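Since the structure comes first, as C-alpha cells, the remarks are kept for the end.
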Amino acid sequence: MLKRNFKLIATGLAIALLTGGCSISFNTGGDSGTAADGGVYRSLNKGNTWQQRVLIPTVSGRPRSFGSVDASSLALDPSDNKAIYLGSVENGLFYSYDGADNWQIANSLGKVTVNNVAIDPSSKCIIYTTVGNKLFKSTDCNRSWVQTYFDNDLNVAISALAIDNFNAAIVYIGTSRGEIIKSGDRGSSWQTLNRFNNQVSKIVISPADSRVIFVGTKSKGIFRSSDGGNNWADLSDKLKDFDEGSKFQDLVISAADKPVIFLATRYGLLKSIDNGDSWKKIELITPEEKATINSLAVSPKSSEEIYYATNTTFYRSVDGGQNWTAKKLPSSRAGWCLQIDPKNENLLYLAVRKVK
C-alpha cells in the first residue's frame, strides 16, 4: 500500500507551483467582495464553537486559503479518522491527512464540481469521486485519476456513491435518471440493479449488515433492499402519514447501537428502529416547513445524540430529539455537510456553501 506522507506531498506541490511560475487560485462563484467564509469548519466540542480550517501550506511558509470555495460533498476515511475529503463546486477535490489542519488539492482531477467522494475502507489510497456523468478512481492517494464509469447521456449526473463496508470491491452509484448501478470488482464492470424513475439522491448501507441498503430518491421517497440490491421494497406507504414524507433530504444509520435510522424529509425528522417498517416523528424546535434539513449526523457513541444543519442554524440533541440546542452557523453560507469523527465524538466537521 502506498504511504501517505503529508509533508513530502505538500512540499512537492508547493515547489511545483513555484517553479511553474503560477499560484493557486480558486473560482469564487461570486463577486470579489464575497466573504471568504466557505470551505470547512471544525469543532472540538460537539459544535459549541467552530474554527474555519482552509489552509494549504506552501514553501514560502505563507499558506494559501480556499475559504472562498463552496462545498458539494464531505467524506472521512473510514480507516483513518485524520483523512478528510472535501468535494467543491467548480474547484475540484481538497484533502487533508491531519484532521483539517492542512489541506492539499488533487491537481490532476482539475477544477471540477465533485459531487460525491468515497474511500475504500480496506485500502486508504483507493478513492472514488463523481464529476458530472463520470466516476473517477485513484489508486495512489489522489496523485492520479482514471475514469471508471461514464454515462453516455451528458445530461445525466452520477448523483450518489457508496462502498460496501463488508466487501470493499462492491461499489454502488446512483444516477439523476434514477438507476442504482453496482460493481463487484472496484469499478471494472457494472450492472444496473434497479430503476426508480426518480433521481437517486443518496445510497446508505447499513453498518450492521451490508446487504441492507437504503436509497433516497429526490421526490419518490425511500427504497430498501435486504439482499444486496437484488430486490427492492418501496417504503412510501410507511411514510404516507407524514406530509411531504416522500421529499428526501438526508438519511443516516446509527452504528452505535442496534440499527436506528434517521430520515430527514421536507416534512421534518423521522426515526425508525425496525429497518424502516415504521416511523416516528421527532419534534423539532421550529415548524417543519421552516426547518429544511441539509445534513444529518449521529454520534458514533450513542444514537441519542443527533445533529443537523440548515441554511442558517446548527442543531444538537443529546436525548434522542426530546430537547434541542440551536446555534447560528459560523458562516453566512448554508450548512451543507456534517461529519462526526468516528473515533472522537466531540470532533465535528461542517462544510458550507452558498444557496439561492
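By convention here, the chains of the C-alpha cells are called A, B, ... in the order presented, each chain's residues are numbered starting at 1, and ligands are numbered starting at 1 in the order presented.
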Original post:
Which residues, written as a list of chain:residue names, have at least one atom at most 8 Å from region 314-329 of chain A, with only C-alpha atoms counted and residues fewer than 3 positions away on the same chain left out?
Top reply: A:Gly47, A:Asn48, A:Ile282, A:Glu283, A:Leu284, A:Ile285, A:Ser303, A:Glu304, A:Glu305, A:Ile306, A:Tyr307, A:Tyr308, A:Ala309, A:Thr310, A:Ser332, A:Ala334, A:Gly335
Saved selection, atoms kept: C-alpha atoms, as a short mmCIF file (atom, residue, chain, number, x, y, z; two decimals), in the first residue's frame:
```cif
data_model
loop_
_atom_site.label_atom_id
_atom_site.label_comp_id
_atom_site.auth_asym_id
_atom_site.auth_seq_id
_atom_site.Cartn_x
_atom_site.Cartn_y
_atom_site.Cartn_z
CA GLY A 47 -20.47 22.18 17.82
CA ASN A 48 -20.31 24.70 20.68
CA ILE A 282 -39.03 13.63 16.17
CA GLU A 283 -40.25 17.01 17.33
CA LEU A 284 -38.12 19.95 16.20
CA ILE A 285 -37.89 23.44 17.68
CA SER A 303 -27.96 7.17 18.76
CA GLU A 304 -29.46 9.60 21.28
CA GLU A 305 -27.02 12.28 20.13
CA ILE A 306 -28.31 13.80 16.89
CA TYR A 307 -27.07 16.77 14.88
CA TYR A 308 -28.40 18.58 11.84
CA ALA A 309 -27.64 21.70 9.84
CA THR A 310 -29.96 24.03 7.94
CA SER A 332 -23.08 33.23 6.26
CA ALA A 334 -25.63 27.21 4.40
CA GLY A 335 -24.55 24.21 6.43
#
```
Subject >> For Ile119 (chain A): contacts at 10 Å, only C-alpha atoms, fewer than 3 positions along chain excluded, given as a PyMOL selection string >> reply: chain A and resi 75-79+83-85+122-129+137-138+162-163+168
Subject >> Given only C-alpha atoms as the counted atoms, nearest of A:Ile181, A:Val200, A:Ala256, A:Ile261 to Val212 (chain A) >> reply: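 Closest to Val212 (chain A), using only C-alpha atoms: A:Ile261.
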**OP:** With a distance cut-off of 10 Å and only C-alpha atoms, select the neighbouring residues of Gly221 (chain A), excluding the residue or stretch itself and same-chain residues fewer than 5 positions from it, and output the selection as a PyMOL selection string.
**Re:** chain A and resi 198+200+215-216+234-240+244-249+265
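Residues lying within 7 Å of Gln51 (chain A), counting only C-alpha atoms and ignoring same-chain neighbours fewer than 5 positions away, are Tyr41, Arg42 and Ser43 of chain A.
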